[in-house]
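S.K.: For reference, the structure I am asking about is given below.
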Amino acid sequence: MSPLLDVEQAVLGSVLLDPSQLAHLDWLAPDHFYRPVHQALFAALRKLQTDGHPALATVDSVPLSWVTDAVDEASLHIRGLTASYAHTLISACPRPRHAPVYGRMVLEGAIHRTVTEHAVRLHQAARADALQGEVEGALHYADVLTGVLGDLARRWGFEPRPVAPATPPAAAPAAPPPVRADQVAEDERFLLAVLVERPKAMDEVVGWLRPGDFADPAHGQLYRCLGALHHRGEPIDRITVLWEAQRRGLLADGTLSAEQLTAICDGVGPGSAEWLGEQVMRSSVTRTAAVSARAIRALAENETLALGRLISHALHALGPLEDVRTRWQAANGHPAPPSPTPAPPTEEPAVARVHAALARSTPRPAARPPERPFPASKPSGARPPSRTHG
């Protein structure tokens, strides 16, 4: 049995043993549970709470109807749930008063799963956009993921902010070859040829296009040479670019060859540097989105990573995509979007829920709740049998 399954059973068992524990779990939702049967049962318990079930007002002992009614309500939405499983859940709970801590563990597992799911969606959207030559889907799902991370951070009890990992994460698995790779490479070569042939065209792209936006590292280094010549106000042609590449060691280390540069510079026809630059930027947006998504998925699948670090590192992994998006908007003449409006101050009950989510196992001054879900001849302090009841 996995620890997550143990924890989910313990939460439900604590509520079945002590209905008052629901008041300390307002921040926990049915979809935070992994197993569908647990989702249905927790939703049923919430409904009984909303309907004012008599067990909630019981002081001495919890009536058996609390268990049977919960099972009956949950059975309306899922098959296979039996009363015997409810008693298994009761037996799985070491201490009902520890319910907030168990619930916090359930929420932790849910956050890892949620971040993984949204990272997968971002990666899928980036791949689809790359195939179609678009960027809108990837940017939309990046916004969704950013919003989800912010919401999860507030649920966990801290303000979200990007933080770089103290040590670089392990290298992600190699990505599959980019879709439309031939077309992307052709656009990059054509853009570089236009910039060498018409140096003044550098003014059209230098403000927002960066060497890292090129899919081919050799093309990015050649663009860096062009940018350096442009910045220094020196003439740009095939010879000066070749000389700059040599000065930077690109010929010596094999990044570029004189033949590659000659092939790029010869035979160029008319072309728009701005339009070609936008094509390169499209590829950069989707490629960066895919890289960010893979990094975030790797973080979320690391079960040893604390949630605060997971969320902060995931926000940091989205940083390069936000930078590319800003430059993409500049390339298209779109102003940067306004900063998101800060969320209104959280009301007091929500603050209490955050404290409950972060609570530790500390005794409460309230009277000890009964440990059996129905009246029995034994004293109320007696422990129930380990596996079966009644």
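Labels used: A, B, ... for chains in the order of the structure tokens, numbers from 1 for residues in each chain, and numbers from 1 for ligands as shown.
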Neighbouring residues of segment 49-56 of chain A were defined as those with any atom within 7 Å, considering only C-alpha atoms; residues of the same chain fewer than 2 positions away were excluded. Please report them as a ChimeraX atom specification.
M.R.: /A:19-20,45-47,58,62-63,66
S.K.: I need the residues in segment 188-344 of chain A that are alpha helix (DSSP H) according to DSSP; give them as a ChimeraX atom specification.
M.R.: /A:188-197,202-205,217-232,238-247,258-265,273-300,307-317,319-331
S.K.: Which residues are close to segment 184-187 of chain A, i.e. within 8 Å by only C-alpha atoms, leaving aside same-chain residues fewer than 5 positions away? Reply as a list in words.
M.R.: Ala215, Asp216, Leu276, Gln279, Val280 and Ser283 of chain A
S.K.: I'd like to know which of A:His24, A:His112, A:Arg287, A:His38 is closest to Gln9 of chain A, using only C-alpha atoms.
M.R.: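 Result for the nearest residue to Gln9 of chain A: A:His38.
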S.K.: Considering only C-alpha atoms, tabulate each residue of segment 177-296 of chain A that lies at most 9 Å from segment 309-329 of chain A along with its nearest interatomic pair and the corresponding distance in Å to one decimal; arrange the rows by chain and ascending residue number and present them as CSV.
M.R.:
residue,atom,partner,partner_atom,distance
A:Gly207,CA,A:Arg327,CA,8.4
A:Trp208,CA,A:Arg327,CA,5.1
A:Leu209,CA,A:Arg327,CA,7.3
A:Asp213,CA,A:Val324,CA,8.2
A:Glu278,CA,A:Trp328,CA,7.5
A:Met281,CA,A:Trp328,CA,6.3
A:Arg282,CA,A:Trp328,CA,7.6
A:Ser284,CA,A:Val324,CA,7.3
A:Val285,CA,A:Val324,CA,6.0
A:Thr286,CA,A:Leu321,CA,8.8
A:Thr288,CA,A:Leu321,CA,5.7
A:Ala289,CA,A:Leu321,CA,5.9
A:Val291,CA,A:Ala317,CA,8.7
A:Ser292,CA,A:Ala317,CA,5.5
A:Ala293,CA,A:Leu318,CA,8.1
A:Ala295,CA,A:Ala317,CA,6.8
A:Ile296,CA,A:Ala314,CA,5.3
S.K.: Residues as selected, all heavy atoms, written as a CSV table (one decimal), in the first residue's frame, can you do that?
M.R.:
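Heads up, here's the output in out10.csv:
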chain,number,residue,atom,x,y,z
A,207,GLY,N,16.1,44.7,-31.7
A,207,GLY,CA,15.5,45.1,-30.4
A,207,GLY,C,14.8,44.0,-29.7
A,207,GLY,O,14.6,44.0,-28.5
A,208,TRP,N,14.5,42.9,-30.4
A,208,TRP,CA,13.7,41.8,-29.7
A,208,TRP,C,14.2,40.4,-30.1
A,208,TRP,O,13.8,39.5,-29.4
A,208,TRP,CB,12.2,41.9,-30.1
A,208,TRP,CG,11.9,42.3,-31.5
A,208,TRP,CD1,11.7,43.5,-32.0
A,208,TRP,CD2,11.8,41.4,-32.6
A,208,TRP,NE1,11.4,43.5,-33.4
A,208,TRP,CE2,11.5,42.2,-33.8
A,208,TRP,CE3,12.0,40.0,-32.8
A,208,TRP,CZ2,11.3,41.6,-35.1
A,208,TRP,CZ3,11.8,39.4,-34.1
A,208,TRP,CH2,11.5,40.2,-35.2
A,209,LEU,N,15.0,40.3,-31.1
A,209,LEU,CA,15.5,38.9,-31.4
A,209,LEU,C,16.8,38.7,-30.8
A,209,LEU,O,17.7,39.5,-30.8
A,209,LEU,CB,15.6,38.8,-33.0
A,209,LEU,CG,15.9,37.4,-33.5
A,209,LEU,CD1,14.8,36.4,-33.2
A,209,LEU,CD2,16.2,37.5,-35.0
A,213,ASP,N,17.1,32.5,-29.5
A,213,ASP,CA,15.9,32.3,-30.2
A,213,ASP,C,16.0,31.4,-31.4
A,213,ASP,O,15.0,30.8,-31.9
A,213,ASP,CB,15.2,33.6,-30.6
A,213,ASP,CG,14.8,34.4,-29.5
A,213,ASP,OD1,14.3,33.9,-28.4
A,213,ASP,OD2,14.9,35.7,-29.5
A,278,GLU,N,10.1,37.2,-37.1
A,278,GLU,CA,8.9,36.7,-36.4
A,278,GLU,C,8.7,35.2,-36.5
A,278,GLU,O,8.2,34.6,-35.5
A,278,GLU,CB,7.7,37.4,-36.9
A,278,GLU,CG,7.6,38.9,-36.6
A,278,GLU,CD,6.4,39.6,-37.2
A,278,GLU,OE1,5.5,38.9,-37.7
A,278,GLU,OE2,6.3,40.8,-37.1
A,281,MET,N,10.9,33.8,-34.0
A,281,MET,CA,10.4,34.0,-32.7
A,281,MET,C,9.2,33.0,-32.4
A,281,MET,O,9.1,32.5,-31.2
A,281,MET,CB,9.9,35.4,-32.5
A,281,MET,CG,10.9,36.4,-32.3
A,281,MET,SD,11.9,36.2,-30.8
A,281,MET,CE,10.5,36.2,-29.6
A,282,ARG,N,8.4,32.7,-33.4
A,282,ARG,CA,7.4,31.7,-33.2
A,282,ARG,C,7.9,30.4,-32.7
A,282,ARG,O,7.5,29.7,-31.8
A,282,ARG,CB,6.6,31.5,-34.5
A,282,ARG,CG,5.6,32.6,-34.8
A,282,ARG,CD,5.0,32.3,-36.2
A,282,ARG,NE,4.2,33.4,-36.7
A,282,ARG,CZ,2.9,33.6,-36.4
A,282,ARG,NH1,2.3,32.7,-35.6
A,282,ARG,NH2,2.2,34.6,-36.8
A,284,SER,N,10.8,29.9,-31.3
A,284,SER,CA,11.4,30.1,-30.0
A,284,SER,C,10.4,30.0,-28.9
A,284,SER,O,10.6,29.4,-27.8
A,284,SER,CB,12.1,31.4,-29.9
A,284,SER,OG,12.7,31.6,-28.7
A,285,VAL,N,9.2,30.6,-29.1
A,285,VAL,CA,8.1,30.6,-28.1
A,285,VAL,C,7.7,29.1,-27.8
A,285,VAL,O,7.7,28.7,-26.6
A,285,VAL,CB,6.9,31.4,-28.5
A,285,VAL,CG1,5.7,31.1,-27.6
A,285,VAL,CG2,7.3,32.9,-28.5
A,286,THR,N,7.4,28.4,-28.8
A,286,THR,CA,6.9,27.0,-28.6
A,286,THR,C,8.0,26.1,-28.1
A,286,THR,O,7.8,25.2,-27.3
A,286,THR,CB,6.4,26.4,-29.9
A,286,THR,OG1,7.4,26.5,-31.0
A,286,THR,CG2,5.1,27.2,-30.4
A,288,THR,N,10.6,27.1,-26.2
A,288,THR,CA,10.8,27.4,-24.8
A,288,THR,C,9.7,26.9,-23.9
A,288,THR,O,10.0,26.5,-22.8
A,288,THR,CB,11.0,29.0,-24.7
A,288,THR,OG1,12.0,29.4,-25.6
A,288,THR,CG2,11.3,29.4,-23.3
A,289,ALA,N,8.5,27.0,-24.4
A,289,ALA,CA,7.3,26.5,-23.7
A,289,ALA,C,7.5,25.0,-23.4
A,289,ALA,O,7.2,24.5,-22.3
A,289,ALA,CB,6.0,26.7,-24.4
A,291,VAL,N,10.3,23.3,-23.3
A,291,VAL,CA,11.4,23.1,-22.3
A,291,VAL,C,11.0,23.4,-20.9
A,291,VAL,O,11.2,22.6,-19.9
A,291,VAL,CB,12.6,23.9,-22.7
A,291,VAL,CG1,13.7,23.9,-21.6
A,291,VAL,CG2,13.3,23.5,-24.0
A,292,SER,N,10.2,24.5,-20.7
A,292,SER,CA,9.7,24.8,-19.4
A,292,SER,C,8.8,23.7,-18.9
A,292,SER,O,8.8,23.4,-17.7
A,292,SER,CB,9.0,26.2,-19.5
A,292,SER,OG,9.9,27.2,-19.8
A,293,ALA,N,7.9,23.2,-19.8
A,293,ALA,CA,7.0,22.2,-19.4
A,293,ALA,C,7.7,21.0,-18.9
A,293,ALA,O,7.3,20.3,-17.9
A,293,ALA,CB,6.0,21.9,-20.5
A,295,ALA,N,10.7,20.7,-17.7
A,295,ALA,CA,11.4,21.0,-16.4
A,295,ALA,C,10.4,21.0,-15.2
A,295,ALA,O,10.7,20.4,-14.2
A,295,ALA,CB,12.1,22.3,-16.5
A,296,ILE,N,9.2,21.6,-15.4
A,296,ILE,CA,8.2,21.6,-14.4
A,296,ILE,C,7.7,20.2,-14.1
A,296,ILE,O,7.4,19.8,-12.9
A,296,ILE,CB,7.1,22.6,-14.7
A,296,ILE,CG1,7.6,24.0,-14.8
A,296,ILE,CG2,5.9,22.5,-13.7
A,296,ILE,CD1,6.7,25.0,-15.3
S.K.: Would you pick out the contacts of segment 247-255 of chain A at 9 Å or less, using only C-alpha atoms, so that residues sharing its chain but fewer than 6 positions from it are not included, and give the list as a PyMOL selection string?
M.R.: chain A and resi 217-218+221-222+225
S.K.: Compile the contact shell of Ala99 of chain A as an NGL selection string: residues with an atom at most 9 Å away, counting only C-alpha atoms, same-chain residues fewer than 2 positions apart removed.
M.R.: :A and (10-15 or 21-22 or 24-25 or 93 or 95-97 or 101-104 or 361)
S.K.: What is the distance between atom CA of Glu274 of chain A and atom CA of Val205 of chain A, in Å to one decimal?
M.R.: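 Here the two named atoms are 6.0 Å from each other.
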S.K.: Would you work out the distance separating atom CA of Pro270 of chain A from atom CA of Leu131 of chain A, expressed in Å to one decimal?
M.R.: 26.2 Å
S.K.: If I take atom CA of His123 of chain A and atom CA of Arg154 of chain A, how far is one from the other in Å, to one decimal?
M.R.: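 Distance reported for this atom pair: 24.8 Å.
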S.K.: Between A:Glu136, A:Leu195, A:Ala74, A:Gln246, which residue has the minimum interatomic distance to Gly227 of chain A, considering only C-alpha atoms?
M.R.: A:Leu195
